[in-house]
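For reference, input29.pdb (PDB, C-alpha atoms):
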ATOM      1  CA  MET A 181      -9.681 -18.970  32.791
ATOM      2  CA  GLU A 182      -6.550 -18.171  30.804
ATOM      3  CA  ALA A 183      -4.078 -20.571  29.260
ATOM      4  CA  LYS A 184      -0.340 -19.940  29.200
ATOM      5  CA  GLU A 185       0.371 -16.909  27.045
ATOM      6  CA  GLU A 186       3.110 -18.217  24.748
ATOM      7  CA  PRO A 187       3.446 -21.997  24.951
ATOM      8  CA  TYR A 188       3.917 -22.596  21.213
ATOM      9  CA  PRO A 189       5.953 -20.986  18.424
ATOM     10  CA  SER A 190       2.667 -20.095  16.702
ATOM     11  CA  SER A 191       1.525 -17.934  19.647
ATOM     12  CA  VAL A 192       1.503 -14.171  19.281
ATOM     13  CA  THR A 193       4.196 -12.191  21.043
ATOM     14  CA  GLN A 194       3.343  -9.250  23.296
ATOM     15  CA  GLN A 195       4.335  -6.839  20.520
ATOM     16  CA  GLU A 196       2.109  -8.631  17.996
ATOM     17  CA  TRP A 197      -0.732  -8.779  20.511
ATOM     18  CA  GLU A 198      -0.603  -5.022  21.063
ATOM     19  CA  LEU A 199      -0.973  -4.552  17.316
ATOM     20  CA  VAL A 200      -3.859  -6.983  16.740
ATOM     21  CA  GLU A 201      -5.844  -6.690  19.994
ATOM     22  CA  PRO A 202      -7.781  -3.583  18.905
ATOM     23  CA  LEU A 203      -8.855  -5.399  15.721
ATOM     24  CA  LEU A 204     -10.492  -8.330  17.501
ATOM     25  CA  PRO A 205     -14.176  -7.897  18.373
ATOM     26  CA  LYS A 206     -14.901  -7.401  22.043
ATOM     27  CA  SER A 207     -17.610  -9.486  23.691
ATOM     28  CA  GLY A 208     -21.009  -7.906  24.139
ATOM     29  CA  ARG A 209     -22.211  -6.507  27.426
ATOM     30  CA  LEU A 210     -25.137  -8.921  27.613
ATOM     31  CA  GLY A 211     -24.837 -12.460  28.867
ATOM     32  CA  ARG A 212     -22.096 -13.987  30.926
ATOM     33  CA  PRO A 213     -18.505 -12.928  30.419
ATOM     34  CA  PRO A 214     -16.380 -15.129  28.154
ATOM     35  CA  ARG A 215     -14.533 -17.956  29.851
ATOM     36  CA  TYR A 216     -11.413 -17.496  27.714
ATOM     37  CA  GLY A 217      -9.740 -14.327  26.536
ATOM     38  CA  ARG A 218      -9.365 -13.307  22.920
ATOM     39  CA  ARG A 219      -5.605 -13.867  23.028
ATOM     40  CA  VAL A 220      -6.082 -17.505  24.028
ATOM     41  CA  MET A 221      -8.560 -17.958  21.159
ATOM     42  CA  LEU A 222      -6.229 -16.297  18.678
ATOM     43  CA  ASN A 223      -3.301 -18.458  19.804
ATOM     44  CA  ALA A 224      -5.433 -21.604  19.472
ATOM     45  CA  ILE A 225      -6.516 -20.641  15.954
ATOM     46  CA  LEU A 226      -2.957 -19.804  14.959
ATOM     47  CA  TYR A 227      -1.815 -23.170  16.297
ATOM     48  CA  VAL A 228      -4.203 -24.982  13.947
ATOM     49  CA  VAL A 229      -3.266 -22.775  10.990
ATOM     50  CA  ARG A 230       0.496 -23.013  11.531
ATOM     51  CA  SER A 231       0.661 -26.703  12.482
ATOM     52  CA  GLY A 232      -1.818 -27.934   9.897
ATOM     53  CA  CYS A 233      -3.562 -30.166  12.423
ATOM     54  CA  THR A 234      -7.299 -30.692  12.394
ATOM     55  CA  TRP A 235      -9.476 -28.799  14.846
ATOM     56  CA  ARG A 236     -10.141 -31.976  16.808
ATOM     57  CA  MET A 237      -6.413 -32.616  17.280
ATOM     58  CA  MET A 238      -5.698 -29.371  19.121
ATOM     59  CA  PRO A 239      -3.678 -29.789  22.337
ATOM     60  CA  LYS A 240      -5.688 -30.007  25.546
ATOM     61  CA  GLU A 241      -4.098 -26.785  26.852
ATOM     62  CA  PHE A 242      -6.378 -24.859  24.511
ATOM     63  CA  PRO A 243     -10.136 -24.453  24.934
ATOM     64  CA  HIS A 244     -12.342 -27.133  23.371
ATOM     65  CA  TRP A 245     -11.927 -27.244  19.598
ATOM     66  CA  ARG A 246     -15.596 -26.459  18.949
ATOM     67  CA  LEU A 247     -15.340 -23.199  20.871
ATOM     68  CA  VAL A 248     -12.125 -22.254  19.071
ATOM     69  CA  TYR A 249     -13.716 -23.047  15.709
ATOM     70  CA  TYR A 250     -16.762 -20.973  16.687
ATOM     71  CA  TYR A 251     -14.527 -17.937  17.201
ATOM     72  CA  PHE A 252     -12.648 -18.644  13.975
ATOM     73  CA  ALA A 253     -15.901 -18.757  11.973
ATOM     74  CA  LYS A 254     -17.390 -15.758  13.809
ATOM     75  CA  TRP A 255     -14.303 -13.643  13.153
ATOM     76  CA  GLN A 256     -14.218 -14.823   9.539
ATOM     77  CA  ALA A 257     -17.829 -13.703   9.022
ATOM     78  CA  VAL A 258     -17.130 -10.154  10.230
ATOM     79  CA  GLY A 259     -13.867  -9.739   8.289
ATOM     80  CA  VAL A 260     -11.412  -9.900  11.184
ATOM     81  CA  TRP A 261      -8.877 -12.042   9.305
ATOM     82  CA  GLN A 262      -8.705  -9.584   6.423
ATOM     83  CA  GLN A 263      -8.235  -6.691   8.847
ATOM     84  CA  LEU A 264      -5.476  -8.550  10.690
ATOM     85  CA  ASN A 265      -3.749  -9.411   7.440
ATOM     86  CA  ASP A 266      -3.908  -5.804   6.257
ATOM     87  CA  ALA A 267      -2.615  -4.476   9.584
ATOM     88  CA  LEU A 268       0.258  -6.938   9.794
ATOM     89  CA  ARG A 269       1.229  -6.366   6.173
ATOM     90  CA  GLY A 270       1.246  -2.601   6.780
ATOM     91  CA  SER A 271       3.316  -3.084   9.925
ATOM     92  CA  ARG A 272       5.956  -5.073   8.082
ATOM     93  CA  ALA A 273       6.100  -2.517   5.273
ATOM     94  CA  THR A 274       6.708   0.211   7.867
ATOM     95  CA  GLN A 275       9.432  -1.826   9.601
ATOM     96  CA  SER A 276      11.326  -2.598   6.383
ATOM     97  CA  GLY A 277      11.052   0.921   4.961
TER      98      GLY A 277
END
Serialized structure, structure tokens:
Amino acid sequence: MEAKEEPYPSSVTQQEWELVEPLLPKSGRLGRPPRYGRRVMLNAILYVVRSGCTWRMMPKEFPHWRLVYYYFAKWQAVGVWQQLNDALRGSRATQSG
């Protein structure tokens, strides 16, 4: 089940997605497949970060806030946010140079 790809200004563009997708952990082969894609989760997390709302106040178009927060915390624990920050900072340096 996928949500709309770019419903909010905080959502990643296709160009940004192509840059960050390889940095997001893929789901394991065991267990059932994830109900929501990584792009939907990233867009939901970015909505909270950019808007400043609480997790519980996320719009209903996104997955349940507890699931989104689970991914946020999981990705935080494995260093995804630092990797994304480094990649995006390097991308901007390349574009401006």
Run the PyMOL selection byres ((chain A and resi 207) around 12) on the file and write out the hits as number ranges by chain. A: 204-206, 208-218, 251, 254-255
Tell me, as a list in words, which residues lie within 7 Å of A:Trp245, counting only C-alpha atoms; anything in the same chain fewer than 3 positions away does not count. Trp235, Arg236, Met238, Val248 and Tyr249 of chain A
Figure out the distance between atom CA of A:Pro187 and atom CA of A:Tyr250, please, to one decimal in Å. 21.9 Å
When the PyMOL selection byres ((chain A and resi 191) around 12) is applied to the structure above, which residues does it catch, written out as a PDB file with C-alpha atoms, in the coordinates of the input?
ATOM      1  CA  ALA A 183      -4.078 -20.571  29.260  1.00  0.00           C
ATOM      2  CA  LYS A 184      -0.340 -19.940  29.200  1.00  0.00           C
ATOM      3  CA  GLU A 185       0.371 -16.909  27.045  1.00  0.00           C
ATOM      4  CA  GLU A 186       3.110 -18.217  24.748  1.00  0.00           C
ATOM      5  CA  PRO A 187       3.446 -21.997  24.951  1.00  0.00           C
ATOM      6  CA  TYR A 188       3.917 -22.596  21.213  1.00  0.00           C
ATOM      7  CA  PRO A 189       5.953 -20.986  18.424  1.00  0.00           C
ATOM      8  CA  SER A 190       2.667 -20.095  16.702  1.00  0.00           C
ATOM      9  CA  VAL A 192       1.503 -14.171  19.281  1.00  0.00           C
ATOM     10  CA  THR A 193       4.196 -12.191  21.043  1.00  0.00           C
ATOM     11  CA  GLN A 194       3.343  -9.250  23.296  1.00  0.00           C
ATOM     12  CA  GLN A 195       4.335  -6.839  20.520  1.00  0.00           C
ATOM     13  CA  GLU A 196       2.109  -8.631  17.996  1.00  0.00           C
ATOM     14  CA  TRP A 197      -0.732  -8.779  20.511  1.00  0.00           C
ATOM     15  CA  ARG A 219      -5.605 -13.867  23.028  1.00  0.00           C
ATOM     16  CA  VAL A 220      -6.082 -17.505  24.028  1.00  0.00           C
ATOM     17  CA  MET A 221      -8.560 -17.958  21.159  1.00  0.00           C
ATOM     18  CA  LEU A 222      -6.229 -16.297  18.678  1.00  0.00           C
ATOM     19  CA  ASN A 223      -3.301 -18.458  19.804  1.00  0.00           C
ATOM     20  CA  ALA A 224      -5.433 -21.604  19.472  1.00  0.00           C
ATOM     21  CA  ILE A 225      -6.516 -20.641  15.954  1.00  0.00           C
ATOM     22  CA  LEU A 226      -2.957 -19.804  14.959  1.00  0.00           C
ATOM     23  CA  TYR A 227      -1.815 -23.170  16.297  1.00  0.00           C
ATOM     24  CA  VAL A 228      -4.203 -24.982  13.947  1.00  0.00           C
ATOM     25  CA  VAL A 229      -3.266 -22.775  10.990  1.00  0.00           C
ATOM     26  CA  ARG A 230       0.496 -23.013  11.531  1.00  0.00           C
ATOM     27  CA  SER A 231       0.661 -26.703  12.482  1.00  0.00           C
ATOM     28  CA  PHE A 242      -6.378 -24.859  24.511  1.00  0.00           C
TER      29      PHE A 242
END
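Here atom CA of A:Glu198 is placed at a distance of 16.0 Å from atom CA of A:Trp261.
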Between atom CA of A:Val200 and atom CA of A:Gly232, what distance in Å does the model show, to one decimal?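 Value for the atom CA of A:Val200-atom CA of A:Gly232 distance: 22.1 Å.
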Could you list the residues chosen by the PyMOL selection byres ((chain A and resi 267) around 12) in this structure as an NGL selection string? :A and (196-204 or 260-266 or 268-274)
Any chance you could export the current selection's C-alpha atoms as a PDB file, in the coordinates of the input?
ATOM      1  CA  GLU A 196       2.109  -8.631  17.996  1.00  0.00           C
ATOM      2  CA  TRP A 197      -0.732  -8.779  20.511  1.00  0.00           C
ATOM      3  CA  GLU A 198      -0.603  -5.022  21.063  1.00  0.00           C
ATOM      4  CA  LEU A 199      -0.973  -4.552  17.316  1.00  0.00           C
ATOM      5  CA  VAL A 200      -3.859  -6.983  16.740  1.00  0.00           C
ATOM      6  CA  GLU A 201      -5.844  -6.690  19.994  1.00  0.00           C
ATOM      7  CA  PRO A 202      -7.781  -3.583  18.905  1.00  0.00           C
ATOM      8  CA  LEU A 203      -8.855  -5.399  15.721  1.00  0.00           C
ATOM      9  CA  LEU A 204     -10.492  -8.330  17.501  1.00  0.00           C
ATOM     10  CA  VAL A 260     -11.412  -9.900  11.184  1.00  0.00           C
ATOM     11  CA  TRP A 261      -8.877 -12.042   9.305  1.00  0.00           C
ATOM     12  CA  GLN A 262      -8.705  -9.584   6.423  1.00  0.00           C
ATOM     13  CA  GLN A 263      -8.235  -6.691   8.847  1.00  0.00           C
ATOM     14  CA  LEU A 264      -5.476  -8.550  10.690  1.00  0.00           C
ATOM     15  CA  ASN A 265      -3.749  -9.411   7.440  1.00  0.00           C
ATOM     16  CA  ASP A 266      -3.908  -5.804   6.257  1.00  0.00           C
ATOM     17  CA  LEU A 268       0.258  -6.938   9.794  1.00  0.00           C
ATOM     18  CA  ARG A 269       1.229  -6.366   6.173  1.00  0.00           C
ATOM     19  CA  GLY A 270       1.246  -2.601   6.780  1.00  0.00           C
ATOM     20  CA  SER A 271       3.316  -3.084   9.925  1.00  0.00           C
ATOM     21  CA  ARG A 272       5.956  -5.073   8.082  1.00  0.00           C
ATOM     22  CA  ALA A 273       6.100  -2.517   5.273  1.00  0.00           C
ATOM     23  CA  THR A 274       6.708   0.211   7.867  1.00  0.00           C
TER      24      THR A 274
END
Box centre and edge lengths (Å, one decimal), axis-aligned, stretch 234-253 of chain A plus 5 Å each side, as AutoDock Vina command-line options:
--center_x -10.2 --center_y -25.3 --center_z 19.4 --size_x 23.1 --size_y 24.7 --size_z 24.9
